[in-house]
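What follows is the content of target04.tsv (TSV, C-alpha atoms and all ligand atoms).
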chain	number	residue	atom	x	y	z
A	1	MET	CA	-17.01	-36.44	61.27
A	2	ARG	CA	-15.17	-33.26	62.17
A	3	THR	CA	-11.86	-34.88	62.93
A	4	PRO	CA	-10.61	-35.28	59.34
A	5	PHE	CA	-11.22	-31.59	58.70
A	6	LEU	CA	-9.35	-30.61	61.83
A	7	LEU	CA	-6.41	-32.78	60.87
A	8	LEU	CA	-6.35	-31.29	57.42
A	9	ALA	CA	-6.40	-27.79	58.84
A	10	LEU	CA	-3.50	-28.53	61.15
A	11	ALA	CA	-1.41	-30.05	58.38
A	12	THR	CA	-1.24	-26.82	56.41
A	13	ALA	CA	-0.15	-23.38	57.45
A	14	PRO	CA	-2.77	-20.83	58.42
A	15	PHE	CA	-3.91	-18.78	55.45
A	16	VAL	CA	-2.42	-15.32	55.63
A	17	SER	CA	-3.78	-12.75	53.26
A	18	ALA	CA	-1.01	-10.20	53.71
A	19	GLN	CA	-0.28	-8.47	50.45
A	20	VAL	CA	2.75	-6.52	49.43
A	21	ILE	CA	3.38	-3.98	46.72
A	22	PRO	CA	6.86	-4.54	45.19
A	23	PRO	CA	9.69	-3.73	45.51
A	24	TYR	CA	10.03	-6.43	48.17
A	25	SER	CA	13.02	-8.23	49.62
A	26	THR	CA	13.84	-10.50	52.52
A	27	GLY	CA	16.93	-12.27	53.81
A	28	PHE	CA	14.78	-14.29	56.27
A	29	GLU	CA	16.54	-12.35	58.98
A	30	GLY	CA	15.76	-12.46	62.64
A	31	GLN	CA	13.60	-15.56	62.50
A	32	VAL	CA	15.08	-18.83	63.69
A	33	GLY	CA	13.35	-22.15	64.32
A	34	ASN	CA	10.40	-24.00	62.94
A	35	LEU	CA	8.77	-22.21	60.05
A	36	ALA	CA	5.31	-21.40	61.33
A	37	PRO	CA	4.77	-18.85	62.71
A	38	LEU	CA	8.32	-17.55	62.60
A	39	PHE	CA	8.85	-16.84	58.91
A	40	PRO	CA	8.61	-13.20	57.78
A	41	ASP	CA	5.12	-11.68	57.61
A	42	GLY	CA	2.90	-13.15	54.94
A	43	TRP	CA	5.02	-16.21	54.13
A	44	ASN	CA	3.28	-19.57	54.11
A	45	TRP	CA	4.09	-23.20	53.51
A	46	GLU	CA	2.65	-26.60	52.68
A	47	ASP	CA	4.24	-29.99	53.32
A	48	LEU	CA	2.54	-32.54	51.08
A	49	ASN	CA	4.65	-35.53	52.07
A	50	THR	CA	2.59	-38.40	53.43
A	51	VAL	CA	5.18	-40.54	55.25
A	52	PRO	CA	5.63	-38.87	58.63
A	53	LEU	CA	8.88	-40.60	59.63
A	54	GLY	CA	11.84	-38.45	58.65
A	55	ASN	CA	9.66	-35.69	57.24
A	56	GLN	CA	10.41	-31.98	57.58
A	57	SER	CA	8.83	-28.84	56.17
A	58	TRP	CA	10.51	-25.59	55.11
A	59	GLN	CA	12.31	-24.03	58.08
A	60	ILE	CA	14.74	-21.28	58.93
A	61	ILE	CA	18.38	-22.21	59.51
A	62	LYS	CA	21.02	-20.10	61.18
A	63	ASN	CA	24.79	-19.99	61.03
A	64	THR	CA	26.73	-21.97	63.61
A	65	VAL	CA	30.24	-21.42	64.91
A	66	SER	CA	31.63	-23.90	62.37
A	67	GLN	CA	29.13	-23.57	59.52
A	68	THR	CA	27.92	-20.63	57.44
A	69	ASN	CA	24.49	-21.42	56.03
A	70	ALA	CA	23.20	-17.96	55.14
A	71	ARG	CA	24.32	-16.00	52.11
A	72	THR	CA	23.88	-12.73	53.98
A	73	ASP	CA	23.63	-12.04	57.68
A	74	SER	CA	22.87	-15.03	59.89
A	75	THR	CA	19.79	-16.88	58.63
A	76	ALA	CA	18.41	-18.52	55.48
A	77	ALA	CA	15.45	-20.72	54.57
A	78	HIS	CA	16.19	-24.41	54.13
A	79	MET	CA	14.82	-27.86	53.46
A	80	PHE	CA	16.16	-31.07	54.97
A	81	SER	CA	15.44	-34.02	52.71
A	82	HIS	CA	12.93	-36.72	53.50
A	83	GLY	CA	14.62	-40.06	54.13
A	84	SER	CA	12.37	-42.41	52.16
A	85	GLU	CA	9.98	-40.39	49.98
A	86	MET	CA	10.43	-37.82	47.21
A	87	ASN	CA	10.13	-34.41	48.85
A	88	ASN	CA	7.02	-32.32	48.13
A	89	ASP	CA	7.37	-29.06	50.03
A	90	TRP	CA	6.08	-25.62	49.06
A	91	LEU	CA	7.12	-22.22	50.37
A	92	TYR	CA	4.97	-19.24	49.41
A	93	THR	CA	5.81	-15.55	49.30
A	94	PRO	CA	3.27	-13.02	50.52
A	95	GLY	CA	0.72	-12.02	47.89
A	96	MET	CA	2.30	-9.49	45.54
A	97	GLN	CA	0.09	-6.78	44.13
A	98	LEU	CA	1.33	-6.46	40.54
A	99	GLN	CA	0.51	-4.02	37.77
A	100	GLY	CA	-0.41	-5.34	34.34
A	101	GLY	CA	2.21	-4.72	31.67
A	102	THR	CA	5.05	-4.13	34.14
A	103	THR	CA	8.03	-6.51	34.11
A	104	TYR	CA	9.01	-7.72	37.57
A	105	THR	CA	12.36	-9.35	38.35
A	106	ILE	CA	12.37	-12.16	40.89
A	107	SER	CA	15.80	-12.93	42.29
A	108	PHE	CA	16.85	-15.58	44.79
A	109	TRP	CA	20.01	-17.43	45.82
A	110	TYR	CA	20.34	-21.17	46.43
A	111	SER	CA	22.96	-23.79	47.28
A	112	VAL	CA	23.40	-27.20	48.85
A	113	ALA	CA	24.96	-27.42	52.29
A	114	PRO	CA	28.71	-27.64	51.77
A	115	LEU	CA	29.06	-30.29	54.51
A	116	PHE	CA	27.79	-33.17	52.42
A	117	PRO	CA	27.28	-33.55	48.65
A	118	SER	CA	23.72	-34.03	47.39
A	119	THR	CA	21.66	-33.40	44.29
A	120	GLU	CA	18.72	-31.14	45.01
A	121	ARG	CA	15.71	-29.95	43.02
A	122	LEU	CA	13.96	-26.59	43.28
A	123	ALA	CA	11.37	-24.85	41.11
A	124	LEU	CA	9.72	-21.42	41.18
A	125	HIS	CA	6.03	-21.18	40.34
A	126	ALA	CA	3.43	-18.41	40.28
A	127	GLY	CA	-0.26	-18.61	41.07
A	128	PRO	CA	-3.28	-16.73	42.38
A	129	ALA	CA	-3.30	-18.33	45.86
A	130	PRO	CA	-0.74	-19.80	48.29
A	131	THR	CA	-1.60	-23.43	47.64
A	132	ALA	CA	0.13	-26.05	45.50
A	133	LEU	CA	-3.02	-26.55	43.42
A	134	ALA	CA	-3.07	-22.88	42.42
A	135	MET	CA	0.57	-22.82	41.28
A	136	THR	CA	-0.11	-23.36	37.61
A	137	GLU	CA	2.75	-21.34	36.09
A	138	THR	CA	6.31	-22.67	36.23
A	139	LEU	CA	8.83	-19.83	35.96
A	140	TRP	CA	12.09	-21.67	36.71
A	141	SER	CA	13.25	-25.17	37.55
A	142	ASN	CA	16.59	-26.80	38.36
A	143	THR	CA	16.78	-30.57	38.93
A	144	ASN	CA	20.54	-30.76	39.35
A	145	ILE	CA	21.54	-28.39	42.15
A	146	GLU	CA	24.94	-29.38	43.49
A	147	ASN	CA	26.66	-26.01	44.03
A	148	PRO	CA	28.07	-25.63	47.57
A	149	VAL	CA	28.46	-21.88	46.99
A	150	TYR	CA	25.33	-19.80	46.53
A	151	GLU	CA	24.21	-19.15	42.94
A	152	GLN	CA	21.65	-16.57	41.86
A	153	ALA	CA	18.52	-17.22	39.84
A	154	VAL	CA	16.89	-14.29	38.06
A	155	VAL	CA	13.44	-14.67	36.57
A	156	GLU	CA	11.25	-12.08	34.85
A	157	TYR	CA	7.49	-12.02	35.15
A	158	THR	CA	5.10	-9.70	33.29
A	159	PRO	CA	1.41	-10.00	34.14
A	160	ASP	CA	-1.09	-8.96	31.48
A	161	ASP	CA	-3.48	-7.41	33.97
A	162	ASP	CA	-3.42	-6.05	37.50
A	163	GLU	CA	-3.36	-9.06	39.78
A	164	VAL	CA	-2.28	-10.46	43.11
A	165	ARG	CA	0.29	-13.20	42.56
A	166	TYR	CA	1.98	-15.54	45.01
A	167	PHE	CA	5.34	-17.07	44.15
A	168	ALA	CA	6.18	-20.57	45.34
A	169	PHE	CA	9.47	-22.33	45.93
A	170	HIS	CA	8.85	-26.05	45.39
A	171	TYR	CA	11.39	-28.47	46.86
A	172	PHE	CA	11.04	-31.83	45.10
A	173	SER	CA	14.41	-33.54	45.55
A	174	GLU	CA	14.55	-37.33	45.48
A	175	GLU	CA	14.50	-39.06	48.86
A	176	PHE	CA	17.63	-39.26	50.99
A	177	GLN	CA	19.33	-36.12	49.71
A	178	PHE	CA	20.57	-33.58	52.24
A	179	ILE	CA	20.06	-29.84	52.63
A	180	LEU	CA	18.95	-27.12	50.21
A	181	LEU	CA	19.54	-23.51	51.26
A	182	LEU	CA	17.53	-20.51	49.98
A	183	ASP	CA	18.31	-16.88	50.82
A	184	ASP	CA	17.83	-13.28	49.71
A	185	VAL	CA	14.56	-13.31	47.80
A	186	SER	CA	13.61	-10.06	46.07
A	187	ILE	CA	10.88	-8.92	43.71
A	188	THR	CA	11.71	-5.64	42.02
A	189	TYR	CA	10.89	-3.67	38.90
A	190	ASP	CA	12.47	-1.00	36.79
A	191	GLY	CA	11.01	2.14	38.30
A	192	ALA	CA	10.76	3.75	34.89
A	193	SER	CA	8.48	0.98	33.67
A	194	ILE	CA	5.83	1.56	36.31
A	195	ALA	CA	3.15	3.74	34.91
A	196	GLU	CA	2.27	6.50	37.26
A	197	ARG	CA	-1.15	5.39	36.56
A	198	GLY	CA	-4.31	7.02	37.22
A	199	SER	CA	-7.84	6.92	36.59
A	200	ALA	CA	-9.07	10.44	35.96
A	201	ASP	CA	-11.21	10.44	39.09
A	202	ARG	CA	-8.34	9.81	41.51
A	203	SER	CA	-5.33	11.99	42.04
A	204	VAL	CA	-2.37	12.07	44.40
A	205	TRP	CA	-0.44	15.25	45.00
A	206	CYS	CA	2.61	15.54	47.24
A	207	ASP	CA	4.53	18.67	48.21
A	208	GLY	CA	7.26	16.83	50.12
A	209	ARG	CA	5.72	17.39	53.56
A	210	SER	CA	2.13	16.38	52.99
A	211	LEU	CA	0.14	14.36	50.52
A	212	THR	CA	-3.37	14.97	49.26
A	213	VAL	CA	-5.63	12.36	47.71
A	214	SER	CA	-8.69	13.39	45.72
A	215	ILE	CA	-11.39	10.91	44.79
A	216	ASP	CA	-14.54	11.83	42.94
A	217	THR	CA	-16.57	9.07	44.53
A	218	PRO	CA	-14.91	7.28	47.47
A	219	VAL	CA	-15.43	3.51	47.43
A	220	ASN	CA	-15.84	1.67	50.70
A	221	GLY	CA	-12.59	-0.02	51.68
A	222	GLU	CA	-10.24	2.09	49.61
A	223	LEU	CA	-6.88	2.86	51.18
A	224	LEU	CA	-3.87	5.04	50.72
A	225	VAL	CA	-0.75	2.85	51.10
A	226	ILE	CA	2.76	4.30	51.11
A	227	THR	CA	5.61	1.80	50.74
A	228	ASP	CA	9.33	2.36	51.11
A	229	ALA	CA	12.08	1.07	48.83
A	230	SER	CA	12.06	-2.35	50.49
A	231	GLY	CA	8.34	-2.79	49.86
A	232	ARG	CA	7.39	-2.30	53.49
A	233	ALA	CA	4.14	-0.40	54.02
A	234	VAL	CA	5.08	2.61	56.14
A	235	LEU	CA	1.72	4.37	56.12
A	236	GLU	CA	-1.77	3.02	55.54
A	237	ARG	CA	-4.90	5.17	55.86
A	238	PRO	CA	-8.54	4.65	54.87
A	239	LEU	CA	-9.88	7.02	52.22
A	240	THR	CA	-13.39	8.04	53.09
A	241	ALA	CA	-13.62	11.63	51.86
A	242	GLU	CA	-13.43	13.23	48.46
A	243	ARG	CA	-10.31	15.08	49.48
A	244	THR	CA	-7.94	14.06	52.29
A	245	THR	CA	-4.56	15.49	53.27
A	246	PHE	CA	-2.04	13.43	55.25
A	247	GLY	CA	1.05	14.78	56.98
A	248	LEU	CA	4.28	12.97	56.14
A	249	ASP	CA	6.29	14.14	59.16
A	250	GLY	CA	6.71	10.55	60.36
A	251	LEU	CA	8.61	9.49	57.23
A	252	SER	CA	12.29	10.06	56.65
A	253	GLU	CA	13.39	11.86	53.52
A	254	GLY	CA	13.42	9.69	50.44
A	255	ILE	CA	11.46	8.20	47.58
A	256	TYR	CA	8.30	6.20	48.24
A	257	LEU	CA	5.47	4.68	46.25
A	258	ALA	CA	1.99	6.03	47.07
A	259	SER	CA	-0.92	3.85	45.96
A	260	VAL	CA	-4.68	4.12	46.11
A	261	THR	CA	-5.91	0.57	46.43
A	262	ASP	CA	-8.80	-1.58	47.57
A	263	ARG	CA	-6.27	-4.41	48.17
A	264	GLY	CA	-7.46	-6.20	45.06
A	265	ARG	CA	-6.75	-3.51	42.51
A	266	THR	CA	-4.63	-0.40	42.50
A	267	SER	CA	-6.35	2.46	40.76
A	268	ARG	CA	-3.56	4.97	41.16
A	269	SER	CA	0.09	4.75	42.11
A	270	GLN	CA	2.94	7.15	41.85
A	271	ARG	CA	6.37	7.81	43.23
A	272	ILE	CA	6.60	10.60	45.75
A	273	ALA	CA	9.59	12.37	47.27
A	274	VAL	CA	9.50	13.24	50.95
A	275	ALA	CA	11.67	16.27	51.75
A	276	ARG	CA	11.90	18.74	54.59
B	301	CA	CA	8.44	-32.68	53.58

This structure in structure tokens:
Amino acid sequence: MRTPFLLLALATAPFVSAQVIPPYSTGFEGQVGNLAPLFPDGWNWEDLNTVPLGNQSWQIIKNTVSQTNARTDSTAAHMFSHGSEMNNDWLYTPGMQLQGGTTYTISFWYSVAPLFPSTERLALHAGPAPTALAMTETLWSNTNIENPVYEQAVVEYTPDDDEVRYFAFHYFSEEFQFILLLDDVSITYDGASIAERGSADRSVWCDGRSLTVSIDTPVNGELLVITDASGRAVLERPLTAERTTFGLDGLSEGIYLASVTDRGRTSRSQRIAVAR
């Protein structure tokens, strides 16, 4: 009786546990074709439609000679409507490591394809795992999307506690609609609202060229993660000693966020300036 399990596993995207510390943004650039495995790192999807004929999952779409589909650059995410069944398609961001009490702003842009009028539905949810069942919080919903020019949605989200949250774009248009386009997703925060937090037994000190982390009692699995303004991790090192110094010669000048984390919880984070 293994077959049903295998089929179930193939019907959903592979679980990816990549986690990101905001700020984060993507224009779905450089990835064209079927969604898996070509979406940006950490993105995931589920297609819960049950009628296979005429069914499609979330995919990337590119501009053509005659048609601009992307809001910026050359690619966007899109859904093509099921022909005979209400759509039920989920697109998940990477896991976002959020700090309790900080207000995050989620921004994205959406439109219908200008070629053909349709009425589309899209919602944004949040949850602790990249599955439809876990998406228990609805942050935004629009059941009457008809704009052929991109419009922006801006949603604020303030977790009570430190947590990893996934955000989900749920496409649930009626059957026999057409194309919904999604582009330029970002998750940012007001830098001033992030506490340069610290437990007393962890400290981060940066002189512009090197960075020193002190930990009273190192915990197995703890990491130093430095992210740039786009949310990309540019340096990741295990912390195994009470005091470790890392050279920053490989980073260009600028402002970064340095975090001490065990991937589930960040015990210390602060902005650092790299200078020569
Ligand atoms: Ca579908």

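Between CA of Val274 (chain A) and CA of Ile21 (chain A) the interatomic distance comes to 18.8 Å.
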
Contacts with ligand CA 301 (chain B) at most 9 Å, only C-alpha atoms and all ligand atoms counted, listed as a PyMOL selection string: chain A and resi 46-52+54-58+79-82+85-90+171-172

re CA of Leu211 (chain A) and CA of Thr188 (chain A): distance 24.6 Å

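In this structure, CA of Ala241 (chain A) sits 28.6 Å away from CA of Pro23 (chain A).
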
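Proximity of A:Ser84, A:Gln99, A:Leu251, A:Phe169 to His125 (chain A), computed with all atoms listed in the file, is greatest for A:Phe169.
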
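The shortest atom-to-atom distance to Ala258 (chain A), with all atoms listed in the file taken into account, belongs to A:Pro22 out of A:Tyr150, A:Gly221, A:Leu53, A:Pro22.
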
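In terms of minimum interatomic distance to Glu175 (chain A), A:Gly83 ranks closest within A:Trp43, A:Ala153, A:Ser203, A:Gly83, counting all atoms listed in the file.
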
Counting all atoms listed in the file, the residue among A:Ala168, A:Val260, A:Ile61, A:Ile187 that lies closest to Ala113 (chain A) is A:Ile61

What would the list of residues within 9 Å of (23.6, -36.9, 44.4) (file frame) look like as a ChimeraX atom specification, if all atoms listed in the file are what count?
-> /A:117-120,144,146,177

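Distance check against Ala229 (chain A) using all atoms listed in the file: of A:Thr75, A:Pro94, A:Ser25, A:Gly127, the minimum falls on A:Ser25.
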
Tell me which residues come within 7 Å of (17.6, -24.2, 51.0), as a ChimeraX atom specification, counting all atoms listed in the file in the file's coordinates. /A:77-79,110-112,179-182

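Restricting the calculation to all atoms listed in the file, the smallest distance between Leu235 (chain A) and any of A:Leu115, A:Val65, A:Leu248, A:Val154 is found for A:Leu248.
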
For region 153-174 of chain A of the block above, can you save N, CA and C atoms as a CSV table (one decimal), in the first residue's frame?
chain,number,residue,atom,x,y,z
A,153,ALA,N,-0.8,45.9,-3.3
A,153,ALA,CA,-1.4,45.7,-2.0
A,153,ALA,C,-0.4,45.8,-1.0
A,154,VAL,N,-0.7,46.5,0.1
A,154,VAL,CA,0.2,46.7,1.3
A,154,VAL,C,-0.5,46.2,2.5
A,155,VAL,N,0.1,45.3,3.2
A,155,VAL,CA,-0.5,44.6,4.4
A,155,VAL,C,0.5,44.7,5.5
A,156,GLU,N,0.1,45.0,6.7
A,156,GLU,CA,1.0,45.0,7.9
A,156,GLU,C,0.7,43.8,8.7
A,157,TYR,N,1.8,43.3,9.3
A,157,TYR,CA,1.7,42.1,10.1
A,157,TYR,C,2.7,42.3,11.3
A,158,THR,N,2.1,42.1,12.5
A,158,THR,CA,2.9,42.3,13.8
A,158,THR,C,2.8,41.1,14.6
A,159,PRO,N,3.8,40.2,14.6
A,159,PRO,CA,3.7,39.0,15.5
A,159,PRO,C,3.9,39.4,17.0
A,160,ASP,N,3.2,38.7,17.8
A,160,ASP,CA,3.4,38.9,19.3
A,160,ASP,C,4.8,38.4,19.7
A,161,ASP,N,5.2,37.3,19.2
A,161,ASP,CA,6.4,36.6,19.7
A,161,ASP,C,7.3,36.4,18.5
A,162,ASP,N,8.6,36.1,18.8
A,162,ASP,CA,9.5,35.6,17.8
A,162,ASP,C,8.9,34.4,17.1
A,163,GLU,N,8.9,34.3,15.8
A,163,GLU,CA,8.3,33.2,15.1
A,163,GLU,C,8.8,33.1,13.7
A,164,VAL,N,8.7,31.9,13.1
A,164,VAL,CA,8.9,31.7,11.7
A,164,VAL,C,7.5,31.7,11.1
A,165,ARG,N,7.3,32.6,10.1
A,165,ARG,CA,6.0,32.6,9.4
A,165,ARG,C,6.2,32.5,7.9
A,166,TYR,N,5.3,31.7,7.3
A,166,TYR,CA,5.2,31.6,5.9
A,166,TYR,C,4.0,32.5,5.4
A,167,PHE,N,4.1,33.1,4.3
A,167,PHE,CA,3.0,33.8,3.7
A,167,PHE,C,2.5,33.1,2.5
A,168,ALA,N,1.2,33.1,2.3
A,168,ALA,CA,0.7,32.3,1.1
A,168,ALA,C,-0.2,33.1,0.3
A,169,PHE,N,0.0,33.0,-1.0
A,169,PHE,CA,-0.9,33.6,-2.0
A,169,PHE,C,-1.8,32.5,-2.5
A,170,HIS,N,-3.1,32.7,-2.2
A,170,HIS,CA,-4.1,31.7,-2.5
A,170,HIS,C,-4.9,32.2,-3.7
A,171,TYR,N,-4.9,31.5,-4.8
A,171,TYR,CA,-5.6,31.8,-6.0
A,171,TYR,C,-6.9,30.9,-6.0
A,172,PHE,N,-8.1,31.6,-5.9
A,172,PHE,CA,-9.3,30.8,-5.8
A,172,PHE,C,-10.4,31.4,-6.7
A,173,SER,N,-10.0,31.8,-7.9
A,173,SER,CA,-10.9,32.3,-8.9
A,173,SER,C,-11.9,31.2,-9.3
A,174,GLU,N,-13.1,31.6,-9.7
A,174,GLU,CA,-14.1,30.7,-10.3
A,174,GLU,C,-13.5,30.0,-11.5
